[in-house]
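**Q** work_20.pdb is reproduced below (PDB, C-alpha atoms and all ligand atoms).
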ATOM      1  CA  MET A  11      -1.473 -22.952  16.507
ATOM      2  CA  THR A  12      -1.165 -20.438  19.342
ATOM      3  CA  VAL A  13       1.275 -17.531  19.551
ATOM      4  CA  SER A  14       3.602 -17.432  22.540
ATOM      5  CA  SER A  15       4.989 -14.131  23.747
ATOM      6  CA  PRO A  16       7.698 -13.021  23.022
ATOM      7  CA  GLN A  17       7.580 -14.374  19.456
ATOM      8  CA  THR A  18      10.376 -16.944  19.227
ATOM      9  CA  ILE A  19      10.935 -19.615  16.613
ATOM     10  CA  THR A  20      10.590 -22.880  18.516
ATOM     11  CA  ASP A  21      10.955 -26.492  17.365
ATOM     12  CA  ASP A  22       7.163 -26.819  17.681
ATOM     13  CA  LEU A  23       6.664 -23.921  15.295
ATOM     14  CA  ARG A  24       9.162 -25.336  12.787
ATOM     15  CA  ARG A  25       7.412 -28.708  13.014
ATOM     16  CA  TRP A  26       4.025 -27.068  12.380
ATOM     17  CA  ILE A  27       5.393 -25.224   9.313
ATOM     18  CA  ALA A  28       6.976 -28.441   7.994
ATOM     19  CA  ASP A  29       3.611 -30.224   8.392
ATOM     20  CA  GLN A  30       1.822 -27.518   6.383
ATOM     21  CA  LEU A  31       4.413 -27.727   3.589
ATOM     22  CA  ASP A  32       4.213 -31.527   3.583
ATOM     23  CA  ALA A  33       0.418 -31.224   3.258
ATOM     24  CA  GLY A  34       0.951 -29.228   0.052
ATOM     25  CA  CYS A  35       0.427 -25.659   1.365
ATOM     26  CA  GLN A  36       2.188 -22.859  -0.510
ATOM     27  CA  ALA A  37       4.866 -20.967   1.451
ATOM     28  CA  ASP A  38       2.933 -17.670   1.102
ATOM     29  CA  ASP A  39      -0.207 -19.317   2.488
ATOM     30  CA  VAL A  40       1.701 -20.661   5.495
ATOM     31  CA  VAL A  41       3.039 -17.164   6.259
ATOM     32  CA  ALA A  42      -0.452 -15.676   5.801
ATOM     33  CA  ALA A  43      -1.950 -18.274   8.197
ATOM     34  CA  MET A  44       0.693 -17.438  10.802
ATOM     35  CA  CYS A  45       0.019 -13.703  10.427
ATOM     36  CA  ALA A  46      -3.712 -14.333  10.836
ATOM     37  CA  SER A  47      -2.897 -16.139  14.111
ATOM     38  CA  GLY A  48      -0.999 -13.156  15.452
ATOM     39  CA  TRP A  49       2.580 -13.840  14.370
ATOM     40  CA  GLN A  50       4.503 -10.793  13.171
ATOM     41  CA  ALA A  51       5.107 -11.115   9.420
ATOM     42  CA  GLY A  52       8.901 -10.807   9.844
ATOM     43  CA  VAL A  53       8.995 -13.591  12.447
ATOM     44  CA  ALA A  54       6.724 -15.746  10.260
ATOM     45  CA  ARG A  55       9.030 -15.332   7.264
ATOM     46  CA  ASP A  56      12.131 -16.021   9.382
ATOM     47  CA  ALA A  57      10.499 -19.161  10.801
ATOM     48  CA  LEU A  58       9.648 -20.357   7.307
ATOM     49  CA  ALA A  59      13.222 -19.683   6.152
ATOM     50  CA  ALA A  60      14.659 -21.510   9.199
ATOM     51  CA  THR A  61      12.406 -24.514   8.522
ATOM     52  CA  LEU A  62      13.374 -24.639   4.858
ATOM     53  CA  LYS A  63      17.072 -24.352   5.689
ATOM     54  CA  ARG A  64      16.875 -27.367   7.992
ATOM     55  CA  ARG A  65      14.955 -29.370   5.425
ATOM     56  CA  GLN A  66      17.545 -28.670   2.735
ATOM     57  CA  ALA A  67      19.783 -31.266   4.358
ATOM     58  CA  GLU A  68      17.070 -33.909   4.009
ATOM     59  CA  PRO A  69      16.356 -35.564   0.641
ATOM     60  CA  ALA A  70      12.554 -35.106   1.020
ATOM     61  CA  GLY A  71      13.045 -31.477   1.996
ATOM     62  CA  VAL A  72      15.145 -30.677  -1.078
ATOM     63  CA  ALA A  73      12.251 -31.538  -3.369
ATOM     64  CA  ALA A  74       9.822 -29.432  -1.323
ATOM     65  CA  VAL A  75      12.153 -26.425  -1.369
ATOM     66  CA  ALA A  76      12.633 -26.635  -5.130
ATOM     67  CA  GLU A  77       8.876 -26.244  -5.671
ATOM     68  CA  LEU A  78       8.590 -23.103  -3.579
ATOM     69  CA  PRO A  79       8.547 -19.746  -5.398
ATOM     70  CA  ALA A  80      11.497 -17.527  -4.552
ATOM     71  CA  ARG A  81      10.450 -14.718  -2.194
ATOM     72  CA  PRO A  82      11.183 -11.272  -3.689
ATOM     73  CA  ALA A  83      13.902  -9.364  -1.834
ATOM     74  CA  ALA A  84      13.148  -6.511   0.591
ATOM     75  CA  LYS A  85      13.851  -2.909  -0.471
ATOM     76  CA  ALA A  86      14.536   0.539   0.973
ATOM     77  CA  LEU A  87      11.253   2.331   1.573
ATOM     78  CA  PRO A  88       9.788   5.824   1.855
ATOM     79  CA  GLU A  89       9.430   6.718   5.538
ATOM     80  CA  PRO A  90       8.866   9.950   7.456
ATOM     81  CA  THR A  91      11.421  11.040  10.068
ATOM     82  CA  LEU A  92       9.767  10.186  13.367
ATOM     83  CA  ASP A  93      12.792  10.328  15.697
ATOM     84  CA  GLY A  94      11.723  11.491  19.138
ATOM     85  CA  ALA A  95       8.087  10.486  18.494
ATOM     86  CA  PRO A  96       6.964  13.956  17.378
ATOM     87  CA  THR A  97       3.257  14.809  17.203
ATOM     88  CA  LEU A  98       3.875  17.885  15.071
ATOM     89  CA  LEU A  99       5.734  17.458  11.774
ATOM     90  CA  ARG A 100       6.958  19.968   9.214
ATOM     91  CA  ALA A 101       7.524  19.390   5.496
ATOM     92  CA  GLN A 102       8.646  22.214   3.201
ATOM     93  CA  GLY A 103       7.393  24.747   5.765
ATOM     94  CA  HIS A 104       3.956  23.106   6.051
ATOM     95  CA  ALA A 105       2.901  21.962   9.546
ATOM     96  CA  LEU A 106       0.952  18.715   9.940
ATOM     97  CA  ARG A 107       0.243  16.192  12.680
ATOM     98  CA  LEU A 108       1.061  12.530  13.178
ATOM     99  CA  GLN A 109      -2.205  10.852  14.102
ATOM    100  CA  MET A 110      -1.547   7.101  14.065
ATOM    101  CA  ALA A 111       1.371   4.799  13.281
ATOM    102  CA  MET A 112       1.418   1.020  12.934
ATOM    103  CA  HIS A 113       4.526  -1.065  12.305
ATOM    104  CA  GLN A 114       3.291  -4.274  10.695
ATOM    105  CA  PRO A 115       2.045  -3.402   8.162
ATOM    106  CA  ARG A 116       3.632   0.040   8.067
ATOM    107  CA  VAL A 117       0.621   2.372   8.095
ATOM    108  CA  ILE A 118       0.759   6.024   9.146
ATOM    109  CA  VAL A 119      -2.110   8.518   9.300
ATOM    110  CA  PHE A 120      -1.280  12.218   8.980
ATOM    111  CA  ALA A 121      -3.708  15.048   9.822
ATOM    112  CA  GLY A 122      -3.526  18.374   8.009
ATOM    113  CA  LEU A 123      -1.284  17.209   5.182
ATOM    114  CA  LEU A 124      -3.367  19.392   2.842
ATOM    115  CA  SER A 125      -5.169  22.632   3.716
ATOM    116  CA  ASP A 126      -8.916  22.918   3.031
ATOM    117  CA  GLU A 127      -8.141  25.350   0.217
ATOM    118  CA  GLU A 128      -5.659  22.940  -1.410
ATOM    119  CA  CYS A 129      -8.262  20.143  -1.238
ATOM    120  CA  ASP A 130     -10.925  22.348  -2.854
ATOM    121  CA  ARG A 131      -8.561  23.490  -5.593
ATOM    122  CA  LEU A 132      -7.532  19.904  -6.439
ATOM    123  CA  VAL A 133     -11.206  18.861  -6.694
ATOM    124  CA  ALA A 134     -11.979  21.855  -8.941
ATOM    125  CA  LEU A 135      -9.023  21.026 -11.230
ATOM    126  CA  ALA A 136      -9.918  17.320 -11.420
ATOM    127  CA  ARG A 137     -13.721  17.523 -11.758
ATOM    128  CA  PRO A 138     -13.927  18.451 -15.475
ATOM    129  CA  ARG A 139     -11.431  15.682 -16.381
ATOM    130  CA  LEU A 140     -13.070  12.717 -14.570
ATOM    131  CA  ALA A 141     -13.700   9.445 -16.396
ATOM    132  CA  ARG A 142     -14.855   6.028 -15.121
ATOM    133  CA  SER A 143     -11.900   4.515 -13.229
ATOM    134  CA  GLU A 144      -9.969   1.684 -14.781
ATOM    135  CA  THR A 145      -7.750  -0.975 -13.227
ATOM    136  CA  VAL A 146      -4.603  -2.550 -14.629
ATOM    137  CA  ASP A 147      -5.258  -5.394 -17.110
ATOM    138  CA  ASN A 148      -2.801  -7.991 -15.823
ATOM    139  CA  SER A 149      -2.423  -9.780 -19.122
ATOM    140  CA  THR A 150      -1.384  -6.746 -21.177
ATOM    141  CA  GLY A 151      -0.248  -4.104 -18.687
ATOM    142  CA  GLY A 152      -2.923  -1.763 -20.096
ATOM    143  CA  SER A 153      -6.067  -0.698 -18.224
ATOM    144  CA  GLU A 154      -9.748  -1.654 -18.322
ATOM    145  CA  VAL A 155     -13.073  -0.724 -16.686
ATOM    146  CA  ASN A 156     -13.672  -3.069 -13.741
ATOM    147  CA  ALA A 157     -16.723  -3.679 -11.479
ATOM    148  CA  ALA A 158     -14.369  -3.769  -8.474
ATOM    149  CA  ARG A 159     -13.715  -0.062  -8.891
ATOM    150  CA  THR A 160     -16.890   1.990  -9.224
ATOM    151  CA  SER A 161     -15.345   5.436  -8.797
ATOM    152  CA  SER A 162     -14.399   7.892 -11.514
ATOM    153  CA  GLY A 163     -10.945   9.381 -11.727
ATOM    154  CA  MET A 164      -8.168  11.158 -13.569
ATOM    155  CA  PHE A 165      -4.371  11.532 -13.464
ATOM    156  CA  PHE A 166      -2.401  14.771 -13.262
ATOM    157  CA  GLU A 167       1.044  15.002 -14.788
ATOM    158  CA  ARG A 168       3.791  15.333 -12.189
ATOM    159  CA  GLY A 169       4.330  19.075 -11.583
ATOM    160  CA  GLU A 170       1.413  19.944 -13.850
ATOM    161  CA  THR A 171       0.523  23.136 -11.950
ATOM    162  CA  ALA A 172       2.245  25.173  -9.215
ATOM    163  CA  LEU A 173      -0.237  23.753  -6.670
ATOM    164  CA  ILE A 174       0.498  20.166  -7.664
ATOM    165  CA  ASP A 175       4.240  20.807  -7.665
ATOM    166  CA  ARG A 176       4.029  22.269  -4.148
ATOM    167  CA  ILE A 177       2.066  19.258  -2.860
ATOM    168  CA  GLU A 178       4.473  16.815  -4.518
ATOM    169  CA  GLN A 179       7.477  18.615  -2.992
ATOM    170  CA  ARG A 180       5.791  18.393   0.400
ATOM    171  CA  ILE A 181       5.179  14.660   0.012
ATOM    172  CA  ALA A 182       8.777  14.048  -1.123
ATOM    173  CA  ALA A 183      10.128  15.940   1.914
ATOM    174  CA  LEU A 184       7.726  14.274   4.355
ATOM    175  CA  LEU A 185       8.419  10.728   3.162
ATOM    176  CA  ASN A 186      12.129  11.205   2.410
ATOM    177  CA  TRP A 187      11.602   9.890  -1.109
ATOM    178  CA  PRO A 188      12.735  11.621  -4.327
ATOM    179  CA  LEU A 189      10.053  13.587  -6.144
ATOM    180  CA  ASP A 190      10.919  11.883  -9.447
ATOM    181  CA  HIS A 191      10.177   8.433  -7.924
ATOM    182  CA  GLY A 192       6.489   9.390  -7.671
ATOM    183  CA  GLU A 193       3.725   8.759 -10.198
ATOM    184  CA  GLY A 194       1.488  11.672 -11.174
ATOM    185  CA  LEU A 195      -1.297  12.352  -8.646
ATOM    186  CA  GLN A 196      -4.487  10.414  -9.239
ATOM    187  CA  VAL A 197      -7.825  11.912  -8.120
ATOM    188  CA  LEU A 198     -10.791   9.592  -7.490
ATOM    189  CA  HIS A 199     -14.443  10.555  -6.979
ATOM    190  CA  TYR A 200     -16.914   8.161  -5.324
ATOM    191  CA  LEU A 201     -20.704   8.653  -5.252
ATOM    192  CA  PRO A 202     -22.955   6.744  -2.791
ATOM    193  CA  GLY A 203     -22.510   2.997  -3.296
ATOM    194  CA  ALA A 204     -19.179   3.420  -5.080
ATOM    195  CA  GLU A 205     -16.215   1.516  -3.649
ATOM    196  CA  TYR A 206     -12.755   0.220  -4.425
ATOM    197  CA  ARG A 207     -12.684  -3.473  -3.541
ATOM    198  CA  GLN A 208      -9.727  -5.017  -1.723
ATOM    199  CA  HIS A 209      -6.488  -5.106  -3.682
ATOM    200  CA  HIS A 210      -2.741  -4.650  -3.385
ATOM    201  CA  ASP A 211      -1.164  -1.608  -5.014
ATOM    202  CA  TYR A 212       2.058  -3.378  -6.086
ATOM    203  CA  PHE A 213       2.222  -5.082  -9.476
ATOM    204  CA  ASP A 214       2.195  -8.868  -9.320
ATOM    205  CA  PRO A 215       5.495  -9.998 -10.923
ATOM    206  CA  GLN A 216       3.794 -13.245 -12.029
ATOM    207  CA  HIS A 217       1.339 -11.393 -14.281
ATOM    208  CA  PRO A 218       2.391 -11.101 -17.934
ATOM    209  CA  GLY A 219       1.446  -7.392 -18.138
ATOM    210  CA  SER A 220       3.625  -6.355 -15.190
ATOM    211  CA  ALA A 221       6.906  -6.335 -17.167
ATOM    212  CA  THR A 222       5.665  -3.381 -19.270
ATOM    213  CA  ILE A 223       4.513  -1.426 -16.219
ATOM    214  CA  LEU A 224       7.708  -2.100 -14.271
ATOM    215  CA  ARG A 225       9.842  -0.524 -17.013
ATOM    216  CA  ARG A 226       8.588   2.910 -15.876
ATOM    217  CA  GLY A 227      10.323   3.142 -12.494
ATOM    218  CA  GLY A 228      10.167  -0.394 -11.120
ATOM    219  CA  GLN A 229       7.785  -1.560  -8.406
ATOM    220  CA  ARG A 230       5.462   0.579  -6.364
ATOM    221  CA  VAL A 231       6.802   0.587  -2.795
ATOM    222  CA  ALA A 232       4.350   2.891  -1.019
ATOM    223  CA  THR A 233       0.963   4.607  -1.319
ATOM    224  CA  LEU A 234      -0.331   7.891   0.099
ATOM    225  CA  VAL A 235      -4.116   8.353  -0.083
ATOM    226  CA  MET A 236      -5.094  11.972   0.703
ATOM    227  CA  TYR A 237      -8.717  12.765   1.567
ATOM    228  CA  LEU A 238     -10.000  15.844  -0.260
ATOM    229  CA  ASN A 239     -13.358  15.983   1.577
ATOM    230  CA  THR A 240     -15.158  14.320   4.487
ATOM    231  CA  PRO A 241     -17.947  12.030   3.261
ATOM    232  CA  GLN A 242     -21.139  12.079   5.353
ATOM    233  CA  GLY A 243     -20.988   8.307   5.841
ATOM    234  CA  GLY A 244     -18.820   5.357   4.785
ATOM    235  CA  GLY A 245     -15.779   5.505   2.520
ATOM    236  CA  ALA A 246     -13.137   4.365   5.028
ATOM    237  CA  THR A 247      -9.862   2.971   3.689
ATOM    238  CA  THR A 248      -9.751  -0.558   5.107
ATOM    239  CA  PHE A 249      -6.865  -2.968   5.817
ATOM    240  CA  PRO A 250      -8.614  -6.325   6.349
ATOM    241  CA  ASP A 251      -5.424  -8.275   7.215
ATOM    242  CA  VAL A 252      -5.131  -6.241  10.418
ATOM    243  CA  GLY A 253      -8.724  -5.069  10.959
ATOM    244  CA  LEU A 254      -7.859  -1.399  10.468
ATOM    245  CA  GLU A 255     -10.265   1.225   9.111
ATOM    246  CA  VAL A 256      -9.032   4.748   8.418
ATOM    247  CA  ALA A 257     -11.831   7.328   8.425
ATOM    248  CA  PRO A 258     -11.679   9.768   5.523
ATOM    249  CA  VAL A 259     -11.255  13.285   6.928
ATOM    250  CA  LYS A 260     -10.613  16.297   4.687
ATOM    251  CA  GLY A 261      -6.906  17.200   4.529
ATOM    252  CA  SER A 262      -5.692  14.022   6.272
ATOM    253  CA  ALA A 263      -3.905  11.132   4.565
ATOM    254  CA  VAL A 264      -3.068   7.479   5.067
ATOM    255  CA  PHE A 265       0.409   6.250   4.080
ATOM    256  CA  PHE A 266       1.432   2.604   3.781
ATOM    257  CA  SER A 267       4.561   0.930   2.410
ATOM    258  CA  TYR A 268       5.415  -2.549   1.183
ATOM    259  CA  ASP A 269       8.976  -3.840   0.875
ATOM    260  CA  ARG A 270       8.100  -6.584  -1.635
ATOM    261  CA  PRO A 271       5.255  -7.431  -4.022
ATOM    262  CA  ASP A 272       3.887 -10.046  -1.678
ATOM    263  CA  ALA A 273       0.720 -10.584   0.400
ATOM    264  CA  SER A 274       2.900 -11.158   3.486
ATOM    265  CA  THR A 275       3.292  -7.345   3.602
ATOM    266  CA  LEU A 276      -0.298  -7.332   4.955
ATOM    267  CA  THR A 277      -1.116  -4.303   2.784
ATOM    268  CA  LEU A 278      -4.318  -5.671   1.277
ATOM    269  CA  HIS A 279      -6.644  -2.644   1.371
ATOM    270  CA  GLY A 280      -9.844  -1.243  -0.103
ATOM    271  CA  GLY A 281     -12.122   1.766  -0.198
ATOM    272  CA  ALA A 282     -15.353   0.871   1.651
ATOM    273  CA  PRO A 283     -18.601   1.880  -0.081
ATOM    274  CA  VAL A 284     -19.652   5.486   0.406
ATOM    275  CA  LEU A 285     -22.959   5.363   2.316
ATOM    276  CA  SER A 286     -23.996   9.001   2.047
ATOM    277  CA  GLY A 287     -22.491  12.090   0.521
ATOM    278  CA  GLU A 288     -19.506  11.765  -1.809
ATOM    279  CA  LYS A 289     -15.815  11.001  -1.399
ATOM    280  CA  TRP A 290     -12.817  12.590  -3.114
ATOM    281  CA  VAL A 291      -9.241  11.321  -2.713
ATOM    282  CA  ALA A 292      -5.875  12.048  -4.314
ATOM    283  CA  THR A 293      -3.454   9.103  -4.428
ATOM    284  CA  LYS A 294       0.322   9.341  -4.802
ATOM    285  CA  TRP A 295       2.061   6.040  -5.585
ATOM    286  CA  LEU A 296       5.796   5.875  -4.998
ATOM    287  CA  ARG A 297       8.115   3.729  -7.125
ATOM    288  CA  GLU A 298      11.490   2.205  -6.294
ATOM    289  CA  GLY A 299      13.139   4.131  -9.161
ATOM    290  CA  VAL A 300      12.589   7.173 -11.375
ATOM    291  CA  PHE A 301       9.044   7.154 -12.787
ATOM    292  CA  THR A 302       9.091   8.235 -16.414
TER     293      THR A 302
HETATM  294  O1  LIG B 401     -10.136   5.713  -1.868
HETATM  295  C1  LIG B 401      -9.612   4.880  -1.126
HETATM  296  O2  LIG B 401      -9.881   4.859   0.102
HETATM  297  C2  LIG B 401      -8.661   3.916  -1.701
HETATM  298  C3  LIG B 401      -8.705   2.629  -1.244
HETATM  299  C4  LIG B 401      -7.827   1.722  -1.791
HETATM  300  C5  LIG B 401      -7.772   4.269  -2.672
HETATM  301  C6  LIG B 401      -6.908   3.293  -3.155
HETATM  302  N1  LIG B 401      -6.921   2.045  -2.717
HETATM  303  C7  LIG B 401      -5.884   3.588  -4.170
HETATM  304  O3  LIG B 401      -5.938   4.698  -4.735
HETATM  305  O4  LIG B 401      -5.022   2.716  -4.420
HETATM  306 ZN    ZN B 402      -5.095   0.940  -3.490
END
Kindly present the structure from the file in structure tokens form.

**A**
Amino acid sequence: MTVSSPQTITDDLRRWIADQLDAGCQADDVVAAMCASGWQAGVARDALAATLKRRQAEPAGVAAVAELPARPAAKALPEPTLDGAPTLLRAQGHALRLQMAMHQPRVIVFAGLLSDEECDRLVALARPRLARSETVDNSTGGSEVNAARTSSGMFFERGETALIDRIEQRIAALLNWPLDHGEGLQVLHYLPGAEYRQHHDYFDPQHPGSATILRRGGQRVATLVMYLNTPQGGGATTFPDVGLEVAPVKGSAVFFSYDRPDASTLTLHGGAPVLSGEKWVATKWLREGVFT
């Protein structure tokens, strides 16, 4: 399959999609294959939908459609105000810079979101409370130690100190998303060799444990990873679907959003192993509703 420019849904493309479905491919896998070949995720989804719609009229197509999982609906998302393509931004009186923006997936890198002093103070507050990081246990909705995540970490309560409240207000203003839709800040510490293997930050609706987690504010819809120091080597935040690596630089942050809990958002990401020095980050996850 080759991608023509501009990206239009042709009969050839619909025929190719129909062939993949007939061969037993899952709809999500077809979209992922198209994205890997250079199709924009939105066009890929529209092409899939157009193919399915046509097939609904055919008896064979009706059976194929019935087996496909329903695609979760898109949502409103946190997003900074970037009208006029500004390089300098301001949030709650704090000046920062826009460093990089990508549309699909939505990834934005900000420089100077935190001052050096704010980074140092967050590390000092978190250090005595660190414990080996856990990941969500999908079967229960609880958490467990996992080899895929070799950092140590801790959670602050939302608004726990004046410093944390100020940073959370800044994030809410920058991303145009209510403060009470945010989880408490999480701080992670990585030593050499430590990493966070590739994952999605949304909760998989198919997993039995997700129902419990989703009761506290619904789905995660965006992530902001703030770098609290500059490791000597390694530790980039990677987005393998699009070959993007964000270098961890003290005070800067990478933001990404996802409008549905689905791999077609292309927001698979990981924390590459730290090669030398250490790495500290603070993560703010944003929910679709009030996080309690
Ligand atoms: O520390 C990171 O770079 C990183 C990578 C992937 C953090 C997270 N995910 C996260 O906190 O979700
Ligand atoms: Zn993550």

**Q** Have a look at A:Val259, A:Pro250, A:Asp211, A:Ala273 and name the one nearest to ligand LIG 401 (chain B); count all atoms listed in the file.

**A**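 Using all atoms listed in the file, the shortest distance to ligand LIG 401 (chain B) belongs to A:Asp211.
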
**Q** Let me know the residues the PyMOL selection byres (((chain A and resi 163-171) around 8) and not hetatm) catches in the file above, as a short mmCIF file (atom, residue, chain, number, x, y, z; two decimals) with C-alpha atoms, in the frame of the given file.

**A**
data_model
loop_
_atom_site.label_atom_id
_atom_site.label_comp_id
_atom_site.auth_asym_id
_atom_site.auth_seq_id
_atom_site.Cartn_x
_atom_site.Cartn_y
_atom_site.Cartn_z
CA ALA A 136 -9.92 17.32 -11.42
CA ARG A 139 -11.43 15.68 -16.38
CA LEU A 140 -13.07 12.72 -14.57
CA ALA A 141 -13.70 9.44 -16.40
CA ARG A 142 -14.86 6.03 -15.12
CA SER A 143 -11.90 4.51 -13.23
CA SER A 161 -15.34 5.44 -8.80
CA SER A 162 -14.40 7.89 -11.51
CA ALA A 172 2.24 25.17 -9.22
CA LEU A 173 -0.24 23.75 -6.67
CA ILE A 174 0.50 20.17 -7.66
CA ASP A 175 4.24 20.81 -7.66
CA GLU A 178 4.47 16.82 -4.52
CA GLY A 192 6.49 9.39 -7.67
CA GLU A 193 3.72 8.76 -10.20
CA GLY A 194 1.49 11.67 -11.17
CA LEU A 195 -1.30 12.35 -8.65
CA GLN A 196 -4.49 10.41 -9.24
CA VAL A 197 -7.82 11.91 -8.12
CA LEU A 198 -10.79 9.59 -7.49
CA HIS A 199 -14.44 10.56 -6.98
#

**Q** How many Å separate CA of Pro115 in chain A from CA of Pro271 in chain A?

**A**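 Answer for the CA of Pro115 in chain A to CA of Pro271 in chain A separation: 13.2 Å.
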
**Q** Please produce, as a tab-separated table, a per-residue contact table for chain A versus ligand ZN 402 (chain B) (criterion: any atom at most 8 Å away, only C-alpha atoms and all ligand atoms considered), showing the nearest atom pair and its distance in Å to one decimal, sorted by chain then residue number.

**A**
residue	atom	partner	partner_atom	distance
A:Tyr206	CA	B:ZN402	ZN	7.8
A:Gln208	CA	B:ZN402	ZN	7.8
A:His209	CA	B:ZN402	ZN	6.2
A:His210	CA	B:ZN402	ZN	6.1
A:Asp211	CA	B:ZN402	ZN	4.9
A:Thr233	CA	B:ZN402	ZN	7.4
A:His279	CA	B:ZN402	ZN	6.2
A:Gly280	CA	B:ZN402	ZN	6.2
A:Gly281	CA	B:ZN402	ZN	7.8

**Q** Identify, on the basis of all atoms listed in the file, every residue whose closest approach to Ala86 in chain A does not exceed 12 Å; exclude the query and any residue fewer than 2 positions from it along the same chain; express the result as a ChimeraX atom specification.

**A** /A:83-84,88-89,186-187,229-232,267-270,296-299

**Q** Go ahead and save the residues from that selection, with C-alpha atoms, as a PDB file, in the frame of the given file.

**A**
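out33.pdb, written as the output of this step:
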ATOM      1  CA  ALA A  83      13.902  -9.364  -1.834  1.00  0.00           C
ATOM      2  CA  ALA A  84      13.148  -6.511   0.591  1.00  0.00           C
ATOM      3  CA  PRO A  88       9.788   5.824   1.855  1.00  0.00           C
ATOM      4  CA  GLU A  89       9.430   6.718   5.538  1.00  0.00           C
ATOM      5  CA  ASN A 186      12.129  11.205   2.410  1.00  0.00           C
ATOM      6  CA  TRP A 187      11.602   9.890  -1.109  1.00  0.00           C
ATOM      7  CA  GLN A 229       7.785  -1.560  -8.406  1.00  0.00           C
ATOM      8  CA  ARG A 230       5.462   0.579  -6.364  1.00  0.00           C
ATOM      9  CA  VAL A 231       6.802   0.587  -2.795  1.00  0.00           C
ATOM     10  CA  ALA A 232       4.350   2.891  -1.019  1.00  0.00           C
ATOM     11  CA  SER A 267       4.561   0.930   2.410  1.00  0.00           C
ATOM     12  CA  TYR A 268       5.415  -2.549   1.183  1.00  0.00           C
ATOM     13  CA  ASP A 269       8.976  -3.840   0.875  1.00  0.00           C
ATOM     14  CA  ARG A 270       8.100  -6.584  -1.635  1.00  0.00           C
ATOM     15  CA  LEU A 296       5.796   5.875  -4.998  1.00  0.00           C
ATOM     16  CA  ARG A 297       8.115   3.729  -7.125  1.00  0.00           C
ATOM     17  CA  GLU A 298      11.490   2.205  -6.294  1.00  0.00           C
ATOM     18  CA  GLY A 299      13.139   4.131  -9.161  1.00  0.00           C
TER      19      GLY A 299
END

**Q** Have a look at CA of Gly245 in chain A and CA of Arg116 in chain A and let me know their distance in Å, one decimal.

**A**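 Between these atoms lies a distance of 20.9 Å.
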
**Q** Residues at most 10 Å from His104 in chain A, counting all atoms listed in the file, excluding those fewer than 5 positions away in the same chain, as a ChimeraX atom specification?

**A** /A:99,122-125,177,180,184

**Q** Any chance you could export the current selection's C-alpha atoms as a PDB file, in the frame of the given file?

**A**
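Done, and the output landed in again_1.pdb:
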ATOM      1  CA  LEU A  99       5.734  17.458  11.774  1.00  0.00           C
ATOM      2  CA  GLY A 122      -3.526  18.374   8.009  1.00  0.00           C
ATOM      3  CA  LEU A 123      -1.284  17.209   5.182  1.00  0.00           C
ATOM      4  CA  LEU A 124      -3.367  19.392   2.842  1.00  0.00           C
ATOM      5  CA  SER A 125      -5.169  22.632   3.716  1.00  0.00           C
ATOM      6  CA  ILE A 177       2.066  19.258  -2.860  1.00  0.00           C
ATOM      7  CA  ARG A 180       5.791  18.393   0.400  1.00  0.00           C
ATOM      8  CA  LEU A 184       7.726  14.274   4.355  1.00  0.00           C
TER       9      LEU A 184
END

**Q** Pick from A:Met110, A:Ala292, A:Ala257, A:Val53: nearest to Leu23 in chain A, with all atoms listed in the file counted?

**A**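 Of the candidates, the smallest distance to Leu23 in chain A is held by A:Val53.
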
**Q** Name the residues that the PyMOL selection byres (((chain A and resi 120) around 6) and not hetatm) picks from the file above, as a ChimeraX atom specification, using the file's chain letters and numbers.

**A** /A:107-109,119,121,262-263

**Q** Which residue out of A:Ala282, A:Leu238, A:Leu31, A:Val117 has the minimum interatomic distance to Leu132 in chain A when all atoms listed in the file are used?

**A**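 Counting all atoms listed in the file, the residue closest to Leu132 in chain A is A:Leu238.
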
**Q** Report as lines of an AutoDock Vina configuration file the centre and the edge lengths, in Å to one decimal, of the axis-aligned box holding every listed atom of ligand LIG 401 (chain B), padded by 3 Å on each side.

**A**
center_x = -7.6
center_y = 3.7
center_z = -2.3
size_x = 11.1
size_y = 10.0
size_z = 10.8

**Q** From the structure block, carefully write range 270-275 of chain A out with N, CA, C and O atoms; format it as a short mmCIF file (atom, residue, chain, number, x, y, z; two decimals), in the first residue's frame.

**A**
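Once everything was written out, this is result16.cif:
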data_model
loop_
_atom_site.label_atom_id
_atom_site.label_comp_id
_atom_site.auth_asym_id
_atom_site.auth_seq_id
_atom_site.Cartn_x
_atom_site.Cartn_y
_atom_site.Cartn_z
N ARG A 270 -9.42 9.25 22.61
CA ARG A 270 -10.12 7.98 22.86
C ARG A 270 -9.10 6.97 23.38
O ARG A 270 -7.91 7.09 23.10
N PRO A 271 -9.56 5.98 24.12
CA PRO A 271 -8.62 4.98 24.67
C PRO A 271 -8.28 3.93 23.63
O PRO A 271 -8.70 2.78 23.73
N ASP A 272 -7.50 4.32 22.64
CA ASP A 272 -7.34 3.51 21.44
C ASP A 272 -5.94 3.74 20.86
O ASP A 272 -5.47 4.88 20.80
N ALA A 273 -5.31 2.64 20.39
CA ALA A 273 -3.94 2.75 19.85
C ALA A 273 -3.87 3.64 18.62
O ALA A 273 -2.81 4.16 18.28
N SER A 274 -5.03 3.85 17.94
CA SER A 274 -5.01 4.70 16.75
C SER A 274 -4.69 6.16 17.10
O SER A 274 -4.44 6.97 16.21
N THR A 275 -4.66 6.50 18.40
CA THR A 275 -4.24 7.86 18.79
C THR A 275 -2.74 8.05 18.62
O THR A 275 -2.25 9.17 18.72
#
